[in-house]
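Engineer: Contents of work12.pdb (PDB, C-alpha atoms and all ligand atoms):
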ATOM      1  CA  MET A   1     -26.384-103.789  -1.850
ATOM      2  CA  GLN A   2     -24.821-103.038  -5.199
ATOM      3  CA  THR A   3     -22.137-105.704  -4.878
ATOM      4  CA  CYS A   4     -24.660-108.466  -4.406
ATOM      5  CA  LYS A   5     -26.603-107.306  -7.435
ATOM      6  CA  LYS A   6     -23.505-107.068  -9.578
ATOM      7  CA  LEU A   7     -22.346-110.486  -8.451
ATOM      8  CA  ALA A   8     -25.766-112.051  -9.054
ATOM      9  CA  TYR A   9     -25.782-110.504 -12.515
ATOM     10  CA  GLU A  10     -22.362-111.956 -13.290
ATOM     11  CA  LEU A  11     -23.226-115.361 -11.846
ATOM     12  CA  LEU A  12     -26.184-115.819 -14.166
ATOM     13  CA  GLY A  13     -23.763-115.314 -17.054
ATOM     14  CA  ASN A  14     -25.409-115.543 -20.438
ATOM     15  CA  ARG A  15     -28.235-117.778 -19.262
ATOM     16  CA  ASN A  16     -31.845-116.782 -18.850
ATOM     17  CA  GLY A  17     -33.206-116.884 -15.323
ATOM     18  CA  ALA A  18     -33.552-114.932 -12.105
ATOM     19  CA  ILE A  19     -31.950-114.431  -8.721
ATOM     20  CA  VAL A  20     -33.671-112.820  -5.742
ATOM     21  CA  ALA A  21     -32.036-112.345  -2.365
ATOM     22  CA  ILE A  22     -33.690-110.985   0.742
ATOM     23  CA  GLU A  23     -32.768-110.281   4.354
ATOM     24  CA  PRO A  24     -35.154-112.581   6.260
ATOM     25  CA  SER A  25     -35.294-110.545   9.471
ATOM     26  CA  THR A  26     -36.174-107.242   7.774
ATOM     27  CA  GLY A  27     -37.651-108.072   4.355
ATOM     28  CA  LYS A  28     -35.066-105.929   2.624
ATOM     29  CA  ILE A  29     -34.619-107.055  -0.982
ATOM     30  CA  VAL A  30     -30.859-107.242  -1.329
ATOM     31  CA  CYS A  31     -30.858-108.008  -5.015
ATOM     32  CA  MET A  32     -33.188-108.943  -7.803
ATOM     33  CA  VAL A  33     -31.782-109.864 -11.174
ATOM     34  CA  SER A  34     -33.566-111.117 -14.283
ATOM     35  CA  LYS A  35     -32.005-112.148 -17.573
ATOM     36  CA  PRO A  36     -32.131-111.478 -20.449
ATOM     37  CA  ASP A  37     -32.194-107.832 -19.503
ATOM     38  CA  PHE A  38     -32.162-104.530 -21.323
ATOM     39  CA  ASN A  39     -30.747-101.087 -20.773
ATOM     40  CA  PRO A  40     -33.584 -98.762 -19.740
ATOM     41  CA  ASN A  41     -31.608 -95.805 -21.107
ATOM     42  CA  ASP A  42     -31.866 -97.217 -24.636
ATOM     43  CA  LEU A  43     -35.431 -98.392 -24.295
ATOM     44  CA  GLU A  44     -36.897 -96.067 -26.875
ATOM     45  CA  ASP A  45     -34.366 -97.000 -29.560
ATOM     46  CA  ASN A  46     -34.688-100.728 -28.932
ATOM     47  CA  TRP A  47     -38.372-100.929 -28.090
ATOM     48  CA  ASP A  48     -39.514-102.827 -31.199
ATOM     49  CA  THR A  49     -36.703-105.386 -31.017
ATOM     50  CA  LEU A  50     -37.302-105.981 -27.313
ATOM     51  CA  ARG A  51     -41.029-106.294 -27.727
ATOM     52  CA  GLU A  52     -40.813-108.666 -30.665
ATOM     53  CA  ASP A  53     -38.366-111.040 -28.981
ATOM     54  CA  GLU A  54     -41.066-113.439 -27.825
ATOM     55  CA  LYS A  55     -38.675-116.340 -27.441
ATOM     56  CA  ASN A  56     -36.570-114.656 -24.745
ATOM     57  CA  GLY A  57     -39.097-112.143 -23.408
ATOM     58  CA  PRO A  58     -36.523-109.589 -22.196
ATOM     59  CA  LEU A  59     -39.252-107.228 -20.950
ATOM     60  CA  VAL A  60     -40.508-109.777 -18.432
ATOM     61  CA  ASN A  61     -38.976-109.431 -14.979
ATOM     62  CA  ARG A  62     -38.538-113.164 -14.416
ATOM     63  CA  ALA A  63     -37.982-112.687 -10.682
ATOM     64  CA  THR A  64     -41.521-111.446 -10.070
ATOM     65  CA  GLN A  65     -43.340-112.336 -13.289
ATOM     66  CA  GLY A  66     -41.643-115.540 -14.418
ATOM     67  CA  TRP A  67     -43.986-118.453 -13.844
ATOM     68  CA  TYR A  68     -42.154-121.730 -13.314
ATOM     69  CA  PRO A  69     -42.950-125.207 -12.002
ATOM     70  CA  PRO A  70     -41.299-125.227  -8.543
ATOM     71  CA  GLY A  71     -39.699-128.659  -9.032
ATOM     72  CA  SER A  72     -38.277-130.217  -5.904
ATOM     73  CA  THR A  73     -38.154-126.908  -4.019
ATOM     74  CA  PHE A  74     -41.860-127.630  -3.520
ATOM     75  CA  LYS A  75     -40.985-130.612  -1.307
ATOM     76  CA  ILE A  76     -40.568-128.063   1.493
ATOM     77  CA  VAL A  77     -44.243-127.198   1.104
ATOM     78  CA  THR A  78     -45.356-130.825   0.819
ATOM     79  CA  SER A  79     -43.265-131.657   3.921
ATOM     80  CA  LEU A  80     -45.026-128.941   5.889
ATOM     81  CA  ALA A  81     -48.452-130.210   4.809
ATOM     82  CA  PHE A  82     -47.506-133.772   5.761
ATOM     83  CA  MET A  83     -46.232-132.688   9.192
ATOM     84  CA  ARG A  84     -49.343-130.626   9.901
ATOM     85  CA  GLU A  85     -51.654-133.469   9.005
ATOM     86  CA  ASN A  86     -49.670-136.213  10.731
ATOM     87  CA  PRO A  87     -48.500-135.454  14.264
ATOM     88  CA  LEU A  88     -46.657-138.795  14.184
ATOM     89  CA  TRP A  89     -44.807-137.949  10.966
ATOM     90  CA  LYS A  90     -41.447-138.830  12.551
ATOM     91  CA  ASP A  91     -42.483-142.484  12.688
ATOM     92  CA  TYR A  92     -43.412-142.685   9.040
ATOM     93  CA  ILE A  93     -40.999-144.779   6.964
ATOM     94  CA  TYR A  94     -41.221-145.404   3.239
ATOM     95  CA  ASP A  95     -39.152-147.884   1.277
ATOM     96  CA  CYS A  96     -38.080-146.197  -1.983
ATOM     97  CA  GLN A  97     -37.463-148.572  -4.872
ATOM     98  CA  GLY A  98     -36.264-145.860  -7.263
ATOM     99  CA  LYS A  99     -39.657-145.577  -8.895
ATOM    100  CA  GLY A 100     -43.291-145.946  -8.002
ATOM    101  CA  VAL A 101     -46.571-146.384  -9.837
ATOM    102  CA  PHE A 102     -49.282-143.806  -9.136
ATOM    103  CA  GLY A 103     -52.425-144.486 -11.133
ATOM    104  CA  GLU A 104     -51.341-144.630 -14.758
ATOM    105  CA  ASN A 105     -48.046-142.836 -14.118
ATOM    106  CA  THR A 106     -44.667-144.009 -12.958
ATOM    107  CA  ILE A 107     -42.723-141.520 -10.869
ATOM    108  CA  HIS A 108     -38.955-141.990 -10.989
ATOM    109  CA  CYS A 109     -36.298-140.873  -8.548
ATOM    110  CA  HIS A 110     -33.315-139.135 -10.140
ATOM    111  CA  PHE A 111     -31.495-141.757 -12.247
ATOM    112  CA  ASN A 112     -33.920-144.319 -10.759
ATOM    113  CA  LYS A 113     -31.812-144.285  -7.616
ATOM    114  CA  VAL A 114     -33.129-146.657  -4.966
ATOM    115  CA  HIS A 115     -33.148-144.634  -1.737
ATOM    116  CA  GLY A 116     -34.388-147.538   0.416
ATOM    117  CA  GLU A 117     -36.025-146.929   3.782
ATOM    118  CA  GLU A 118     -36.414-143.263   4.558
ATOM    119  CA  ASN A 119     -38.162-140.971   6.978
ATOM    120  CA  LEU A 120     -39.245-137.459   5.987
ATOM    121  CA  GLU A 121     -35.865-135.922   6.797
ATOM    122  CA  ASP A 122     -34.016-138.484   4.644
ATOM    123  CA  ALA A 123     -36.482-137.959   1.808
ATOM    124  CA  VAL A 124     -35.865-134.188   1.795
ATOM    125  CA  LYS A 125     -32.105-134.731   1.962
ATOM    126  CA  ASN A 126     -32.198-137.199  -0.956
ATOM    127  CA  SER A 127     -34.936-135.292  -2.794
ATOM    128  CA  CYS A 128     -36.724-138.634  -3.160
ATOM    129  CA  ASN A 129     -39.607-138.264  -5.604
ATOM    130  CA  THR A 130     -41.496-141.457  -4.831
ATOM    131  CA  PHE A 131     -41.586-140.696  -1.089
ATOM    132  CA  PHE A 132     -43.334-137.380  -1.702
ATOM    133  CA  SER A 133     -45.736-138.751  -4.285
ATOM    134  CA  GLU A 134     -46.648-141.519  -1.856
ATOM    135  CA  ILE A 135     -47.305-139.245   1.136
ATOM    136  CA  ALA A 136     -49.323-136.860  -1.023
ATOM    137  CA  ILE A 137     -51.766-139.499  -2.207
ATOM    138  CA  GLN A 138     -52.353-140.381   1.440
ATOM    139  CA  MET A 139     -53.084-136.783   2.420
ATOM    140  CA  ASP A 140     -56.442-135.086   2.696
ATOM    141  CA  ILE A 141     -56.309-132.847  -0.391
ATOM    142  CA  SER A 142     -58.351-130.034   1.130
ATOM    143  CA  LYS A 143     -55.945-129.897   4.086
ATOM    144  CA  TYR A 144     -52.955-130.043   1.709
ATOM    145  CA  ARG A 145     -54.446-127.188  -0.251
ATOM    146  CA  ASN A 146     -55.074-125.136   2.896
ATOM    147  CA  VAL A 147     -51.413-125.424   3.852
ATOM    148  CA  VAL A 148     -50.289-124.453   0.359
ATOM    149  CA  ASP A 149     -52.653-121.482   0.284
ATOM    150  CA  SER A 150     -51.465-120.391   3.731
ATOM    151  CA  LEU A 151     -48.023-119.973   2.131
ATOM    152  CA  LEU A 152     -49.586-117.420  -0.248
ATOM    153  CA  PHE A 153     -50.314-119.598  -3.276
ATOM    154  CA  ASN A 154     -53.413-118.360  -5.136
ATOM    155  CA  GLU A 155     -53.095-115.224  -2.985
ATOM    156  CA  LEU A 156     -51.841-111.694  -3.357
ATOM    157  CA  LEU A 157     -48.270-111.000  -2.312
ATOM    158  CA  PRO A 158     -47.071-108.002  -0.302
ATOM    159  CA  TYR A 159     -45.389-106.240  -3.200
ATOM    160  CA  PRO A 160     -46.220-102.879  -4.795
ATOM    161  CA  LEU A 161     -44.850-103.521  -8.305
ATOM    162  CA  PRO A 162     -46.273-105.848 -10.988
ATOM    163  CA  TYR A 163     -45.951-109.568 -10.232
ATOM    164  CA  LYS A 164     -47.726-112.828 -10.912
ATOM    165  CA  ASN A 165     -49.283-114.708  -8.044
ATOM    166  CA  SER A 166     -48.531-118.396  -7.818
ATOM    167  CA  SER A 167     -50.997-121.055  -8.739
ATOM    168  CA  PHE A 168     -51.850-124.385  -7.110
ATOM    169  CA  VAL A 169     -54.841-126.238  -8.481
ATOM    170  CA  LEU A 170     -55.326-129.515  -6.594
ATOM    171  CA  ASN A 171     -58.815-130.114  -5.274
ATOM    172  CA  GLY A 172     -61.122-132.979  -4.346
ATOM    173  CA  ASP A 173     -61.522-133.952  -8.016
ATOM    174  CA  SER A 174     -57.802-134.181  -8.753
ATOM    175  CA  SER A 175     -56.553-137.522 -10.033
ATOM    176  CA  VAL A 176     -53.948-139.701  -8.329
ATOM    177  CA  GLU A 177     -51.590-138.942 -11.219
ATOM    178  CA  GLN A 178     -52.046-135.203 -10.733
ATOM    179  CA  ILE A 179     -51.518-135.409  -6.962
ATOM    180  CA  ALA A 180     -48.361-137.519  -7.308
ATOM    181  CA  GLU A 181     -46.888-135.043  -9.811
ATOM    182  CA  THR A 182     -47.877-131.983  -7.823
ATOM    183  CA  ALA A 183     -46.247-133.247  -4.611
ATOM    184  CA  ILE A 184     -42.837-133.108  -6.292
ATOM    185  CA  GLY A 185     -43.356-129.678  -7.846
ATOM    186  CA  GLN A 186     -44.390-130.763 -11.317
ATOM    187  CA  GLY A 187     -48.025-130.916 -12.414
ATOM    188  CA  GLU A 188     -49.755-127.605 -12.848
ATOM    189  CA  THR A 189     -48.283-125.664  -9.918
ATOM    190  CA  LEU A 190     -46.559-122.446 -10.946
ATOM    191  CA  ILE A 191     -44.470-120.123  -8.790
ATOM    192  CA  THR A 192     -42.272-117.071  -9.270
ATOM    193  CA  PRO A 193     -38.703-116.917  -7.926
ATOM    194  CA  PHE A 194     -39.869-113.980  -5.802
ATOM    195  CA  HIS A 195     -42.620-115.964  -4.096
ATOM    196  CA  ASN A 196     -40.193-118.826  -3.520
ATOM    197  CA  VAL A 197     -37.762-116.518  -1.722
ATOM    198  CA  LEU A 198     -40.591-115.235   0.501
ATOM    199  CA  ILE A 199     -41.420-118.776   1.649
ATOM    200  CA  THR A 200     -37.717-119.448   2.198
ATOM    201  CA  ALA A 201     -37.268-116.215   4.144
ATOM    202  CA  ALA A 202     -40.222-117.099   6.378
ATOM    203  CA  VAL A 203     -38.659-120.483   7.184
ATOM    204  CA  ALA A 204     -35.366-118.690   7.874
ATOM    205  CA  ASN A 205     -37.080-116.151  10.124
ATOM    206  CA  GLY A 206     -38.812-118.572  12.495
ATOM    207  CA  GLY A 207     -42.007-118.591  10.433
ATOM    208  CA  ILE A 208     -42.484-114.838  10.208
ATOM    209  CA  LEU A 209     -42.620-113.189   6.795
ATOM    210  CA  MET A 210     -41.512-109.570   6.866
ATOM    211  CA  LYS A 211     -42.919-107.246   4.239
ATOM    212  CA  PRO A 212     -40.406-107.146   1.373
ATOM    213  CA  TYR A 213     -39.132-103.722   0.394
ATOM    214  CA  LEU A 214     -36.841-102.445  -2.332
ATOM    215  CA  VAL A 215     -35.856 -98.992  -1.164
ATOM    216  CA  ASP A 216     -33.956 -98.410   2.056
ATOM    217  CA  ARG A 217     -34.531 -94.656   2.229
ATOM    218  CA  ILE A 218     -35.339 -91.651   0.102
ATOM    219  CA  GLU A 219     -33.083 -88.628   0.391
ATOM    220  CA  ASN A 220     -33.670 -85.052  -0.691
ATOM    221  CA  GLU A 221     -31.233 -83.154  -2.907
ATOM    222  CA  LYS A 222     -29.106 -82.268   0.104
ATOM    223  CA  GLY A 223     -28.660 -85.922   1.013
ATOM    224  CA  LYS A 224     -30.975 -85.735   4.004
ATOM    225  CA  THR A 225     -33.164 -88.786   4.569
ATOM    226  CA  ILE A 226     -36.804 -87.802   4.169
ATOM    227  CA  ILE A 227     -38.381 -91.261   4.098
ATOM    228  CA  LYS A 228     -36.879 -94.299   5.757
ATOM    229  CA  ASN A 229     -38.303 -97.739   5.191
ATOM    230  CA  LEU A 230     -38.567 -99.542   8.494
ATOM    231  CA  PRO A 231     -38.945-103.322   8.655
ATOM    232  CA  GLU A 232     -42.579-104.284   8.854
ATOM    233  CA  PHE A 233     -44.250-107.531   9.936
ATOM    234  CA  TYR A 234     -46.406-109.050   7.212
ATOM    235  CA  LYS A 235     -47.667-112.469   8.283
ATOM    236  CA  LYS A 236     -46.863-115.527  10.322
ATOM    237  CA  LEU A 237     -46.630-118.328   7.764
ATOM    238  CA  LEU A 238     -45.323-121.122   9.978
ATOM    239  CA  GLU A 239     -45.026-122.043  13.627
ATOM    240  CA  VAL A 240     -41.543-121.607  15.103
ATOM    241  CA  GLU A 241     -41.196-125.358  15.565
ATOM    242  CA  GLU A 242     -42.168-126.020  11.958
ATOM    243  CA  ALA A 243     -39.603-123.499  10.737
ATOM    244  CA  LYS A 244     -36.942-125.100  12.939
ATOM    245  CA  THR A 245     -37.716-128.586  11.666
ATOM    246  CA  LEU A 246     -37.618-127.493   8.021
ATOM    247  CA  THR A 247     -34.323-125.699   8.714
ATOM    248  CA  THR A 248     -32.875-128.928  10.116
ATOM    249  CA  PHE A 249     -33.965-130.781   6.979
ATOM    250  CA  MET A 250     -32.509-128.120   4.713
ATOM    251  CA  LYS A 251     -29.195-128.110   6.574
ATOM    252  CA  LYS A 252     -28.966-131.839   5.902
ATOM    253  CA  VAL A 253     -29.626-131.221   2.201
ATOM    254  CA  VAL A 254     -26.495-129.072   2.101
ATOM    255  CA  SER A 255     -24.245-131.059   4.463
ATOM    256  CA  GLU A 256     -25.096-134.536   3.179
ATOM    257  CA  GLY A 257     -27.610-134.396   0.344
ATOM    258  CA  THR A 258     -28.260-132.913  -3.065
ATOM    259  CA  GLY A 259     -27.222-129.353  -2.104
ATOM    260  CA  LYS A 260     -23.560-129.945  -1.253
ATOM    261  CA  THR A 261     -22.329-127.545  -3.915
ATOM    262  CA  SER A 262     -23.927-124.666  -1.970
ATOM    263  CA  ALA A 263     -21.912-125.422   1.185
ATOM    264  CA  VAL A 264     -19.734-122.599   2.511
ATOM    265  CA  GLU A 265     -16.741-123.303   4.696
ATOM    266  CA  GLY A 266     -17.286-122.210   8.288
ATOM    267  CA  ILE A 267     -20.947-121.267   7.773
ATOM    268  CA  ASP A 268     -23.998-123.526   8.094
ATOM    269  CA  VAL A 269     -26.161-123.317   4.994
ATOM    270  CA  ALA A 270     -29.775-124.527   4.697
ATOM    271  CA  GLY A 271     -31.060-125.172   1.191
ATOM    272  CA  LYS A 272     -33.179-127.148  -1.212
ATOM    273  CA  THR A 273     -32.366-128.014  -4.784
ATOM    274  CA  GLY A 274     -34.838-128.485  -7.592
ATOM    275  CA  SER A 275     -35.061-129.307 -11.264
ATOM    276  CA  ALA A 276     -38.161-128.220 -13.076
ATOM    277  CA  GLU A 277     -39.044-130.160 -16.174
ATOM    278  CA  ASN A 278     -40.466-127.983 -18.910
ATOM    279  CA  THR A 279     -41.260-127.934 -22.598
ATOM    280  CA  THR A 280     -37.699-127.083 -23.681
ATOM    281  CA  GLY A 281     -36.565-130.604 -22.757
ATOM    282  CA  VAL A 282     -33.739-129.352 -20.507
ATOM    283  CA  SER A 283     -34.597-128.808 -16.823
ATOM    284  CA  HIS A 284     -34.595-125.420 -15.170
ATOM    285  CA  ALA A 285     -32.192-125.534 -12.214
ATOM    286  CA  TRP A 286     -33.694-124.227  -8.961
ATOM    287  CA  TYR A 287     -32.190-123.490  -5.583
ATOM    288  CA  VAL A 288     -33.698-121.914  -2.478
ATOM    289  CA  GLY A 289     -31.860-121.500   0.797
ATOM    290  CA  PHE A 290     -30.447-119.308   3.509
ATOM    291  CA  ALA A 291     -27.362-118.749   5.637
ATOM    292  CA  PRO A 292     -26.081-118.757   8.305
ATOM    293  CA  ALA A 293     -28.690-121.451   8.949
ATOM    294  CA  ASP A 294     -29.289-120.624  12.622
ATOM    295  CA  ASN A 295     -29.062-116.853  12.343
ATOM    296  CA  PRO A 296     -29.819-116.100   8.717
ATOM    297  CA  SER A 297     -28.774-112.852   7.118
ATOM    298  CA  LEU A 298     -29.552-113.844   3.527
ATOM    299  CA  ALA A 299     -32.224-115.964   1.844
ATOM    300  CA  VAL A 300     -31.986-116.663  -1.869
ATOM    301  CA  SER A 301     -34.098-118.034  -4.681
ATOM    302  CA  ILE A 302     -32.364-118.893  -7.928
ATOM    303  CA  ILE A 303     -33.575-120.275 -11.230
ATOM    304  CA  VAL A 304     -31.369-120.918 -14.218
ATOM    305  CA  GLU A 305     -33.508-121.763 -17.214
ATOM    306  CA  SER A 306     -32.932-124.842 -19.362
ATOM    307  CA  SER A 307     -29.510-125.494 -17.870
ATOM    308  CA  GLY A 308     -29.550-128.894 -16.156
ATOM    309  CA  THR A 309     -29.067-129.932 -12.541
ATOM    310  CA  SER A 310     -29.291-127.622  -9.573
ATOM    311  CA  THR A 311     -26.108-129.124  -8.157
ATOM    312  CA  LYS A 312     -24.175-127.845 -11.138
ATOM    313  CA  TYR A 313     -26.005-124.695 -12.182
ATOM    314  CA  ALA A 314     -27.980-123.179  -9.278
ATOM    315  CA  ALA A 315     -26.507-124.284  -5.929
ATOM    316  CA  PRO A 316     -23.006-122.912  -6.744
ATOM    317  CA  ILE A 317     -24.576-119.488  -7.393
ATOM    318  CA  ALA A 318     -26.055-119.584  -3.878
ATOM    319  CA  LYS A 319     -22.674-120.493  -2.451
ATOM    320  CA  ALA A 320     -21.030-117.506  -4.146
ATOM    321  CA  LEU A 321     -23.752-115.131  -2.923
ATOM    322  CA  PHE A 322     -23.574-116.413   0.653
ATOM    323  CA  GLU A 323     -19.799-116.115   0.670
ATOM    324  CA  GLU A 324     -19.865-112.579  -0.634
ATOM    325  CA  TYR A 325     -22.752-111.261   1.421
ATOM    326  CA  ILE A 326     -22.000-112.909   4.743
ATOM    327  CA  LYS A 327     -18.314-112.177   4.546
ATOM    328  CA  ARG A 328     -19.076-108.505   3.911
ATOM    329  CA  ASP A 329     -21.584-108.524   6.717
ATOM    330  CA  GLN A 330     -19.019-109.886   9.123
ATOM    331  CA  GLU A 331     -16.406-107.351   8.030
ATOM    332  CA  GLU A 332     -18.683-104.352   8.476
TER     333      GLU A 332
HETATM  334 ZN    ZN A 401     -36.318-142.245  -3.934
END
Show this structure as structure tokens.
Ligand SMILES: [Zn+2]
Structural biologist:
Amino acid sequence: MQTCKKLAYELLGNRNGAIVAIEPSTGKIVCMVSKPDFNPNDLEDNWDTLREDEKNGPLVNRATQGWYPPGSTFKIVTSLAFMRENPLWKDYIYDCQGKGVFGENTIHCHFNKVHGEENLEDAVKNSCNTFFSEIAIQMDISKYRNVVDSLLFNELLPYPLPYKNSSFVLNGDSSVEQIAETAIGQGETLITPFHNVLITAAVANGGILMKPYLVDRIENEKGKTIIKNLPEFYKKLLEVEEAKTLTTFMKKVVSEGTGKTSAVEGIDVAGKTGSAENTTGVSHAWYVGFAPADNPSLAVSIIVESSGTSTKYAAPIAKALFEEYIKRDQEE
């Protein structure tokens, strides 16, 4: 939909980053925007300038080729691994003191906030770092890795154009420090905004990932449709119950937790915020989510580079996209 693309383009403003939106039930890519961009019509004239701009890398499609630490959006993945390994996960309570020591490292919650006693749902809602570092060091790393790989990390993605596949490196030799960092989306894990929207869309779609596609139909010169892209099943990534539970958690993030600035009046939104620390010193703001939460028509993945908090820079973009897309959908 052109409107969604135009809006996404405007919402990123003059910042570098990417927005990908997908229809979870069909796999249709509604929009994919990467900035900085370039005008393909002027490519020949500007080729040298574009190619030499290593700092901004305008030729990289950040949506599919931008490799970022997932930050706290990865807590969705760690939650799934914890639930799969611990059938009694609902009974697990951790007492967050605002920071925790893991090997030689201290992991801090945002502003050292003391979250107190929390179960998994509370920890997702509060995006509590120490909770996730703690559960990860208790997990069997090979099982953790299997869950992560089952969500298409270190795997090929169903996409015909160039992309980078995501990387997750924990193994039996990983240190406590590495595990604690990885659980909260730091460490060495790298993901593209495109892969993050696929995971989000699978959660939104009861665990089923549909094959993403860019082109609705191809018409001949007379306007007659000659090829129509029909929705195609790709893979079951999660059990229905797992998808439902994660949706419940993500709804809480938006109604009561760190994702409030993505809330839309009259529509339930499910989301997860994230801030990815990086070498620039200013966090990349992440947001993944979908709406309406119980019958999703749009899943989004947003990253705004070196901007600051998700609450301020990424979640409001999701809100604007949900409002525009779902409102249109309802009017049609
Ligand atoms: Zn905490």
Engineer: Name every residue that the PyMOL selection byres (((chain A and resi 16) around 8) and not hetatm) selects in this structure, writing the answer as a VMD selection string with chains first and numbers rising.
Structural biologist: chain A and resid 12 14 to 15 17 to 18 34 to 36 56 304 to 305
Engineer: Taking into account only C-alpha atoms, which residue in the set A:Lys260, A:His108, A:His195, A:Lys90 is nearest to A:Pro316?
Structural biologist: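 Distance minimum relative to A:Pro316 lands on A:Lys260.
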Engineer: Starting from the shown file, work through the PyMOL selection byres (((chain A and resi 235-241) around 7) and not hetatm) and note down what comes out as a VMD selection string.
Structural biologist: chain A and resid 150 to 151 202 206 to 210 233 to 234 242 to 245
Engineer: Report, in Å to a single decimal, how far apart atom CA of A:Ser297 and atom CA of A:Lys319 are.
Structural biologist: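 Between atom CA of A:Lys319 and atom CA of A:Ser297 the gap works out to 13.7 Å.
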Engineer: Show me which residues sit within 6 Å of ligand ZN 401 (chain A) when counting only C-alpha atoms and all ligand atoms, and put them as a list in words.
Structural biologist: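 Here is the list of contacting residues: Cys96, Gly98, Cys109, Val114, His115, Cys128, Asn129 and Thr130 of chain A.
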Engineer: Would you mind reading off the distance between atom CA of A:Ala201 and atom CA of A:Val20, one decimal, in Å?
Structural biologist: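 Taking atom CA of A:Ala201 and atom CA of A:Val20, their separation equals 11.1 Å.
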Engineer: Taking only C-alpha atoms into account, which of A:Pro193, A:Gly266, A:Gly172, A:Gly71 comes nearest A:Ile19?
Structural biologist: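 Ranked by minimum distance to A:Ile19, first place goes to A:Pro193.
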Engineer: For A:Val269, find every residue with an atom within 10 Å (counting all atoms listed in the file), except residues of its own chain fewer than 4 positions away, and show them as an mmCIF file with C-alpha atoms, keeping the file's coordinate frame.
Structural biologist:
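Writing done, so here's selection-v5.cif:
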data_model
loop_
_atom_site.group_PDB
_atom_site.id
_atom_site.type_symbol
_atom_site.label_atom_id
_atom_site.label_comp_id
_atom_site.auth_asym_id
_atom_site.auth_seq_id
_atom_site.Cartn_x
_atom_site.Cartn_y
_atom_site.Cartn_z
ATOM 1 C CA THR A 247 -34.323 -125.699 8.714
ATOM 2 C CA MET A 250 -32.509 -128.120 4.713
ATOM 3 C CA LYS A 251 -29.195 -128.110 6.574
ATOM 4 C CA LYS A 252 -28.966 -131.839 5.902
ATOM 5 C CA VAL A 253 -29.626 -131.221 2.201
ATOM 6 C CA VAL A 254 -26.495 -129.072 2.101
ATOM 7 C CA SER A 255 -24.245 -131.059 4.463
ATOM 8 C CA GLY A 259 -27.222 -129.353 -2.104
ATOM 9 C CA LYS A 260 -23.560 -129.945 -1.253
ATOM 10 C CA SER A 262 -23.927 -124.666 -1.970
ATOM 11 C CA ALA A 263 -21.912 -125.422 1.185
ATOM 12 C CA VAL A 264 -19.734 -122.599 2.511
ATOM 13 C CA GLU A 265 -16.741 -123.303 4.696
ATOM 14 C CA GLY A 289 -31.860 -121.500 0.797
ATOM 15 C CA PHE A 290 -30.447 -119.308 3.509
ATOM 16 C CA ALA A 291 -27.362 -118.749 5.637
ATOM 17 C CA PRO A 292 -26.081 -118.757 8.305
ATOM 18 C CA ALA A 293 -28.690 -121.451 8.949
ATOM 19 C CA ASP A 294 -29.289 -120.624 12.622
ATOM 20 C CA PRO A 296 -29.819 -116.100 8.717
ATOM 21 C CA ALA A 318 -26.055 -119.584 -3.878
ATOM 22 C CA LYS A 319 -22.674 -120.493 -2.451
ATOM 23 C CA PHE A 322 -23.574 -116.413 0.653
#
Engineer: Report the residues retrieved by the PyMOL selection byres (((chain A and resi 6) around 12) and not hetatm) from the displayed file, expressed as a ChimeraX atom specification.
Structural biologist: /A:1-5,7-13,19,30-34,321,324-325
Engineer: One number please: atom CA of A:Lys327 to atom CA of A:Thr26, in Å, one decimal.
Structural biologist: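 Answer for the atom CA of A:Lys327 to atom CA of A:Thr26 separation: 18.8 Å.
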Engineer: Using all atoms listed in the file, pick whichever of A:Glu256, A:Glu44, A:Asp122, A:Glu85 has the shortest atom-to-atom distance to A:Asn146.
Structural biologist: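 Selected residue with least distance to A:Asn146: A:Glu85.
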Engineer: Around (-44.0, -128.0, 7.8), as given in the file, which residues come within 7 Å? Count all atoms listed in the file and list them as a list in words.
Structural biologist: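 It turns out the residues near that spot are Val77, Ser79, Leu80, Ala81, Met83, Arg84, Glu242, Ala243 and Leu246 of chain A.
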Engineer: Looking at all atoms listed in the file, which of A:Leu59, A:Ile179, A:Val124, A:Ile199 is the one that sits closest to A:Ala136?
Structural biologist: A:Ile179
